[in-house]
$ cat run-v7.txt   # compact mmCIF, C-alpha atoms
# COMPACT_ATOMS: atom_id res chain seq x y z
CA MET N 1 10.84 39.18 51.20
CA ALA N 2 7.37 37.88 50.66
CA ILE N 3 5.86 41.32 50.86
CA ASP N 4 2.55 42.69 52.09
CA ASP N 5 3.39 46.39 51.87
CA VAL N 6 7.12 47.15 51.77
CA ARG N 7 8.75 50.15 50.12
CA VAL N 8 12.33 50.27 48.85
CA TRP N 9 14.53 53.29 48.22
CA ARG N 10 18.11 54.44 48.11
CA PRO N 11 18.95 57.60 50.07
CA ALA N 12 20.13 60.68 48.23
CA HIS N 13 23.94 60.93 48.23
CA GLU N 14 24.27 57.43 49.69
CA SER N 15 24.76 54.75 47.03
CA ARG N 16 26.13 52.25 49.55
CA VAL N 17 22.89 51.83 51.48
CA LEU N 18 19.47 50.42 50.62
CA LEU N 19 16.45 51.16 52.81
CA LEU N 20 13.19 49.21 53.23
CA ALA N 21 10.14 49.87 55.36
CA GLY N 22 6.68 48.35 55.76
CA ARG N 23 4.64 45.34 56.88
CA THR N 24 5.31 41.72 56.04
CA GLN N 25 4.56 38.20 57.25
CA ARG N 26 7.75 36.47 56.16
CA TYR N 27 11.06 37.01 54.43
CA ALA N 28 14.12 34.99 53.39
CA ILE N 29 17.49 36.44 52.41
CA GLU N 30 20.71 34.79 51.33
CA PRO N 31 23.19 37.63 51.86
CA ARG N 32 25.80 38.31 49.23
CA GLY N 33 28.31 39.94 51.52
CA GLU N 34 25.79 42.43 52.90
CA TYR N 35 24.80 43.53 56.38
CA VAL N 36 21.13 43.80 57.25
CA PHE N 37 20.07 45.98 60.19
CA GLY N 38 16.44 46.27 61.19
CA LEU N 39 14.02 47.51 63.84
CA VAL N 40 10.91 45.41 64.48
CA THR N 41 7.72 47.11 65.66
CA GLY N 42 4.05 46.23 66.12
CA GLN N 43 4.20 42.43 66.40
CA LEU N 44 6.64 39.63 67.16
CA MET N 45 8.88 38.11 64.50
CA ARG N 46 10.30 34.59 64.65
CA SER N 47 13.80 34.59 63.09
CA ARG N 48 15.84 31.69 61.78
CA ARG N 49 19.53 31.51 60.86
CA ARG N 50 20.91 28.05 60.22
CA GLY N 51 20.06 26.08 63.40
CA GLU N 52 19.42 29.21 65.46
CA ARG N 53 15.85 30.24 66.34
CA ARG N 54 15.04 33.55 67.99
CA LEU N 55 11.94 35.51 68.90
CA VAL N 56 12.32 39.20 68.03
CA ARG N 57 10.09 41.48 70.05
CA PRO N 58 8.78 44.93 69.11
CA GLY N 59 11.45 47.54 69.82
CA GLN N 60 14.35 45.14 69.34
CA LEU N 61 17.06 45.61 66.73
CA VAL N 62 18.49 42.87 64.54
CA ALA N 63 21.99 42.88 63.07
CA TRP N 64 22.60 40.18 60.49
CA ASP N 65 26.14 39.74 59.19
CA PRO N 66 26.86 38.07 55.81
CA SER N 67 27.91 34.73 57.28
CA GLN N 68 24.61 32.87 56.87
CA ALA N 69 21.24 33.08 55.17
CA HIS N 70 18.45 34.21 57.47
CA ALA N 71 14.67 34.28 57.44
CA GLY N 72 11.73 35.51 59.46
CA THR N 73 8.09 34.52 59.88
CA ALA N 74 5.13 36.06 61.63
CA VAL N 75 3.88 34.68 64.93
CA ASP N 76 0.29 33.41 64.67
CA GLY N 77 0.08 34.91 61.19
CA ARG N 78 0.24 38.49 62.45
CA PRO N 79 2.46 40.63 60.20
CA TRP N 80 5.09 42.81 61.79
CA THR N 81 6.32 46.25 60.76
CA SER N 82 9.99 46.93 60.27
CA ARG N 83 12.52 49.46 59.10
CA VAL N 84 15.53 47.90 57.41
CA MET N 85 18.91 49.20 56.28
CA ILE N 86 21.14 47.09 54.03
CA VAL N 87 24.83 48.06 53.91
CA GLU N 88 26.54 46.62 50.88
CA ILE N 89 29.86 44.80 50.97
CA ALA N 90 33.11 46.80 51.15
CA ASP N 91 31.26 49.74 52.63
CA LEU N 92 30.81 49.06 56.35
CA ALA N 93 34.51 49.58 57.03
CA GLY N 94 34.52 52.81 55.07
CA LEU N 95 31.53 54.11 57.03
CA ALA N 96 32.41 52.99 60.53
CA SER N 97 36.11 52.24 60.75
CA ASP N 98 39.29 54.26 60.71
CA ASP N 99 41.08 51.27 59.19
CA GLU N 100 40.72 51.91 55.49
CA THR N 101 42.35 48.61 54.56
CA ALA N 102 39.80 46.49 56.42
CA LEU N 103 36.98 44.84 54.51
CA PRO N 104 33.62 44.56 56.24
CA ALA N 105 32.81 40.91 55.81
CA ASP N 106 35.11 39.96 58.69
CA VAL N 107 32.78 41.69 61.17
CA ALA N 108 30.34 39.27 62.79
CA PHE N 109 27.37 39.72 65.14
CA PRO N 110 27.24 36.50 67.22
CA GLN N 111 24.12 37.74 69.04
CA PRO N 112 22.09 39.42 66.30
CA VAL N 113 19.02 40.36 68.38
CA ILE N 114 19.72 43.46 70.46
CA THR N 115 17.64 45.03 73.23
CA ASP N 116 18.73 48.64 73.59
CA ALA N 117 16.05 51.32 73.53
CA GLN N 118 18.54 54.14 73.03
CA LEU N 119 20.26 52.47 70.09
CA ALA N 120 16.91 51.51 68.59
CA GLY N 121 15.73 55.10 68.87
CA ARG N 122 18.88 56.31 67.16
CA PHE N 123 18.31 53.80 64.36
CA ALA N 124 14.73 55.00 63.87
CA ARG N 125 15.94 58.60 63.66
CA LEU N 126 18.71 57.64 61.25
CA HIS N 127 16.27 55.76 59.03
CA ALA N 128 13.94 58.77 58.98
CA ALA N 129 16.81 61.19 58.34
CA LEU N 130 17.91 59.22 55.30
CA ARG N 131 14.48 59.83 53.78
CA THR N 132 14.88 63.60 53.93
CA PRO N 133 17.09 65.94 51.88
CA SER N 134 20.53 66.53 53.35
CA THR N 135 24.11 67.05 52.33
CA ARG N 136 26.25 64.00 51.64
CA LEU N 137 28.39 64.93 54.64
CA GLY N 138 25.32 65.00 56.86
CA HIS N 139 24.23 61.53 55.78
CA ASP N 140 27.75 60.14 56.11
CA GLU N 141 28.11 61.50 59.64
CA ARG N 142 24.82 59.99 60.80
CA LEU N 143 25.64 56.61 59.28
CA ALA N 144 29.18 56.52 60.65
CA GLU N 145 28.09 57.47 64.17
CA TRP N 146 25.27 54.93 64.31
CA LEU N 147 27.33 52.11 62.83
CA ARG N 148 30.13 52.78 65.28
CA ALA N 149 27.65 52.64 68.16
CA MET N 150 26.16 49.42 66.80
CA LEU N 151 29.54 47.74 66.43
CA GLU N 152 30.47 48.65 70.01
CA ARG N 153 27.10 47.80 71.58
CA ALA N 154 26.45 44.54 69.73
CA GLY N 155 29.76 42.92 70.60
CA ALA N 156 30.80 42.72 66.96
CA VAL N 157 33.88 40.56 66.55
CA ARG N 158 36.59 40.03 63.98
CA PRO N 159 38.04 36.53 63.66
CA GLN N 160 41.73 35.91 64.23
CA ARG N 161 43.58 36.32 60.97
CA THR N 162 47.02 35.40 59.84
CA SER N 163 49.12 38.35 58.80
CA ILE N 164 48.89 39.44 55.18
CA SER N 165 51.87 40.93 53.40
CA ARG N 166 51.65 44.16 51.47
CA GLY N 167 52.08 42.15 48.29
CA ASP N 168 49.14 39.92 49.17
CA ASP N 169 46.99 42.91 50.09
CA ARG N 170 47.82 44.67 46.83
CA GLY N 171 47.22 41.47 44.86
CA LEU N 172 43.83 40.96 46.46
CA ARG N 173 42.78 44.47 45.59
CA LEU N 174 43.98 44.00 42.02
CA ALA N 175 41.90 40.84 41.81
CA ILE N 176 38.78 42.57 43.16
CA ASP N 177 39.27 45.44 40.70
CA HIS N 178 39.76 42.93 37.88
CA LEU N 179 36.41 41.32 38.67
CA GLY N 180 34.69 44.69 38.96
CA ASP N 181 36.02 45.87 35.61
CA ARG N 182 34.85 42.71 33.85
CA LEU N 183 31.36 42.14 35.18
CA ALA N 184 30.04 40.88 31.86
CA TYR N 185 32.92 38.40 31.33
CA ASP N 186 33.38 34.82 32.47
CA VAL N 187 36.67 35.32 34.31
CA SER N 188 38.68 32.17 35.06
CA LEU N 189 40.59 31.56 38.27
CA ASP N 190 43.86 31.36 36.32
CA GLU N 191 43.16 34.78 34.76
CA LEU N 192 42.29 36.26 38.15
CA ALA N 193 45.44 34.87 39.77
CA ALA N 194 47.56 36.25 36.93
CA ALA N 195 46.01 39.71 37.38
CA ALA N 196 46.73 39.53 41.12
CA GLY N 197 50.23 38.13 40.77
CA ILE N 198 49.36 35.49 43.40
CA GLY N 199 48.97 31.72 43.20
CA LYS N 200 45.34 30.72 42.71
CA PHE N 201 45.00 28.61 45.86
CA ARG N 202 46.50 31.34 48.02
CA LEU N 203 44.22 33.87 46.29
CA ILE N 204 41.14 31.85 47.24
CA ARG N 205 42.30 31.79 50.88
CA LEU N 206 42.90 35.56 50.80
CA PHE N 207 39.42 36.20 49.42
CA ARG N 208 37.81 34.12 52.13
CA GLN N 209 39.96 35.62 54.88
CA ARG N 210 39.52 39.25 53.94
CA THR N 211 36.02 39.37 52.39
CA GLY N 212 34.34 36.29 53.83
CA LEU N 213 33.54 35.16 50.29
CA PRO N 214 35.27 33.05 47.65
CA PRO N 215 36.00 34.87 44.36
CA HIS N 216 32.94 33.60 42.49
CA ALA N 217 30.57 34.71 45.29
CA LEU N 218 32.14 38.17 45.43
CA GLN N 219 31.78 38.40 41.66
CA ILE N 220 28.05 37.66 41.97
CA ALA N 221 27.76 40.24 44.77
CA GLN N 222 29.37 42.88 42.55
CA ARG N 223 27.09 41.96 39.66
CA LEU N 224 24.01 42.23 41.86
CA ARG N 225 25.01 45.65 43.21
CA VAL N 226 25.47 46.99 39.68
CA ALA N 227 22.23 45.34 38.57
CA ARG N 228 20.33 47.13 41.35
CA ARG N 229 21.68 50.49 40.25
CA ARG N 230 20.85 49.87 36.60
CA LEU N 231 17.32 48.85 37.54
CA GLU N 232 17.04 52.01 39.64
CA ALA N 233 18.05 53.98 36.53
CA GLY N 234 15.14 52.44 34.59
CA GLU N 235 17.00 50.01 32.34
CA ARG N 236 15.21 46.97 30.94
CA ILE N 237 15.70 43.81 32.96
CA ALA N 238 17.03 41.85 29.98
CA ASP N 239 19.56 44.59 29.24
CA VAL N 240 20.63 44.66 32.88
CA ALA N 241 21.17 40.90 32.87
CA ALA N 242 23.37 41.09 29.76
CA ALA N 243 25.38 44.06 31.00
CA THR N 244 26.16 42.50 34.38
CA GLY N 245 27.29 39.07 33.24
CA PHE N 246 24.23 36.95 33.99
CA ALA N 247 23.50 34.27 31.39
CA ASP N 248 19.98 35.53 30.80
CA GLN N 249 17.06 37.25 32.51
CA SER N 250 16.07 34.12 34.45
CA HIS N 251 19.63 33.78 35.78
CA LEU N 252 19.49 37.35 37.11
CA HIS N 253 16.00 36.71 38.47
CA ARG N 254 17.17 33.66 40.44
CA HIS N 255 20.19 35.35 42.06
CA PHE N 256 18.34 38.61 42.69
CA ARG N 257 15.52 36.85 44.48
CA ARG N 258 17.88 34.79 46.62
CA SER N 259 19.88 37.84 47.69
CA LEU N 260 17.08 40.31 48.39
CA GLY N 261 13.92 38.23 48.58
CA PHE N 262 12.10 39.58 45.54
CA THR N 263 12.48 39.68 41.77
CA PRO N 264 14.00 42.48 39.66
CA GLY N 265 10.52 43.46 38.48
CA GLU N 266 9.19 43.61 42.05
CA TYR N 267 12.24 45.63 43.05
CA ARG N 268 11.48 48.27 40.42
CA ARG N 269 7.83 48.42 41.41
CA ARG N 270 8.71 48.90 45.08
CA LEU N 271 11.11 51.69 44.14
CA ALA N 272 8.43 53.35 42.00
CA SER N 273 5.89 53.12 44.83
CA HIS N 274 8.23 55.11 47.07
CA SER N 275 8.93 57.92 44.59
$ encode --input "run-v7.txt" --output "structure tokens"
Amino acid sequence: MAIDDVRVWRPAHESRVLLLAGRTQRYAIEPRGEYVFGLVTGQLMRSRRRGERRLVRPGQLVAWDPSQAHAGTAVDGRPWTSRVMIVEIADLAGLASDDETALPADVAFPQPVITDAQLAGRFARLHAALRTPSTRLGHDERLAEWLRAMLERAGAVRPQRTSISRGDDRGLRLAIDHLGDRLAYDVSLDELAAAAGIGKFRLIRLFRQRTGLPPHALQIAQRLRVARRRLEAGERIADVAAATGFADQSHLHRHFRRSLGFTPGEYRRRLASHS
């Protein structure tokens, strides 16, 4: 985001969710397998996703899936206020679905702007609740209930998929674990396929089908998630870049800004301003 006054924080007990709140005039996000939910208040926002243009009015919710980059600008230069919740990849299914084998990136919101005062009110209360002390169970229940309501209300869809054998499913998970365990390494496709026990071209298709991302994009998404947590723990940006497999600090800077809209240094400052 290009930020006027936006705070960032991660709820207690909830490492899968990132919260933002404040005023801004524009933003641009290239999602790395993440869902962005938001409630616009105060002024209008003009949204853009690929060739789609929408006007988001105060009181409306937005639900952006990971399929495309999206951006927003103020109307007539008047900044809007928003509350935003980012759900990181591989977590939406765990929060809102009984199907533990499903990955979240196959859920799409074809109509991302939603007019539903009741659902918007529930989102506002959820966002506020995640700012206050609670048990992990309490937070999980609120998130699961709201996400389930959002999926049902927003007409979320899953694309038709060819059946995947148990061997393919196990191989895909082995491949994802292999990437996660080797964040700082330059893993080749041949190495990844060998770890999965699946041919490399089939493995690429499985990644796209089940996560919505090719292997290299999922690897970057994993690196960015870990980088966020290390920054939240106070580590130096250069150390974070080295530990998470980015070539250097500028490489981390570039991917971080594209995924979230601001730099690692800005991210830490926004976190500090909330604490």
$ closest_atom_pairs --input "run-v7.txt" --of "region 175-262 of chain N" --to "region 27-42 of chain N" --cutoff "9 Å" --atoms "only C-alpha atoms" --output "Markdown table"
| residue | atom | partner | partner_atom | distance |
| --- | --- | --- | --- | --- |
| N:Thr211 | CA | N:Gly33 | CA | 7.8 |
| N:Gly212 | CA | N:Gly33 | CA | 7.4 |
| N:Leu213 | CA | N:Gly33 | CA | 7.2 |
| N:Ala217 | CA | N:Arg32 | CA | 7.2 |
| N:Leu218 | CA | N:Arg32 | CA | 7.4 |
| N:Ile220 | CA | N:Arg32 | CA | 7.6 |
| N:Ala221 | CA | N:Arg32 | CA | 5.2 |
| N:Gln222 | CA | N:Arg32 | CA | 8.8 |
| N:Leu224 | CA | N:Arg32 | CA | 8.5 |
| N:Arg257 | CA | N:Ile29 | CA | 8.2 |
| N:Arg258 | CA | N:Glu30 | CA | 5.5 |
| N:Ser259 | CA | N:Glu30 | CA | 4.8 |
| N:Leu260 | CA | N:Ile29 | CA | 5.6 |
| N:Gly261 | CA | N:Ile29 | CA | 5.5 |
$ residues_around --input "run-v7.txt" --residues "region 197-207 of chain N" --least-positions-apart "4" --cutoff "9 Å" --atoms "only C-alpha atoms" --output "number ranges by chain"
N: 164, 167-169, 171-172, 174-176, 189-190, 192-193, 211-215, 218
$ closest_residue --input "run-v7.txt" --among "N:Leu137, N:Arg54, N:Ser165, N:Glu266" --to "His70 (chain N)" --atoms "all atoms listed in the file"
N:Arg54
$ residues_around --input "run-v7.txt" --residues "Gln60 (chain N)" --least-positions-apart "6" --cutoff "12 Å" --atoms "all atoms listed in the file" --output "PyMOL selection string"
chain N and resi 37-45+54+81-83+112-121+123-124
$ write_last_selection --input "run-v7.txt" --atoms "C-alpha atoms" --output "mmCIF file, in the frame of the given file"
data_model
loop_
_atom_site.group_PDB
_atom_site.id
_atom_site.type_symbol
_atom_site.label_atom_id
_atom_site.label_comp_id
_atom_site.auth_asym_id
_atom_site.auth_seq_id
_atom_site.Cartn_x
_atom_site.Cartn_y
_atom_site.Cartn_z
ATOM 1 C CA PHE N 37 20.070 45.980 60.190
ATOM 2 C CA GLY N 38 16.440 46.270 61.190
ATOM 3 C CA LEU N 39 14.020 47.510 63.840
ATOM 4 C CA VAL N 40 10.910 45.410 64.480
ATOM 5 C CA THR N 41 7.720 47.110 65.660
ATOM 6 C CA GLY N 42 4.050 46.230 66.120
ATOM 7 C CA GLN N 43 4.200 42.430 66.400
ATOM 8 C CA LEU N 44 6.640 39.630 67.160
ATOM 9 C CA MET N 45 8.880 38.110 64.500
ATOM 10 C CA ARG N 54 15.040 33.550 67.990
ATOM 11 C CA THR N 81 6.320 46.250 60.760
ATOM 12 C CA SER N 82 9.990 46.930 60.270
ATOM 13 C CA ARG N 83 12.520 49.460 59.100
ATOM 14 C CA PRO N 112 22.090 39.420 66.300
ATOM 15 C CA VAL N 113 19.020 40.360 68.380
ATOM 16 C CA ILE N 114 19.720 43.460 70.460
ATOM 17 C CA THR N 115 17.640 45.030 73.230
ATOM 18 C CA ASP N 116 18.730 48.640 73.590
ATOM 19 C CA ALA N 117 16.050 51.320 73.530
ATOM 20 C CA GLN N 118 18.540 54.140 73.030
ATOM 21 C CA LEU N 119 20.260 52.470 70.090
ATOM 22 C CA ALA N 120 16.910 51.510 68.590
ATOM 23 C CA GLY N 121 15.730 55.100 68.870
ATOM 24 C CA PHE N 123 18.310 53.800 64.360
ATOM 25 C CA ALA N 124 14.730 55.000 63.870
#
$ atom_distance --input "run-v7.txt" --atom1 "CA of Val87 (chain N)" --atom2 "CA of Val17 (chain N)"
4.9 Å
$ atom_distance --input "run-v7.txt" --atom1 "CA of Gln25 (chain N)" --atom2 "CA of Thr73 (chain N)"
5.7 Å
$ closest_residue --input "run-v7.txt" --among "N:Glu88, N:Asp76, N:Asp65, N:Glu145" --to "Glu14 (chain N)" --atoms "all atoms listed in the file"
N:Glu88
$ closest_residue --input "run-v7.txt" --among "N:Thr263, N:Ala184, N:Arg10, N:Ala194" --to "Ala247 (chain N)" --atoms "only C-alpha atoms"
N:Ala184
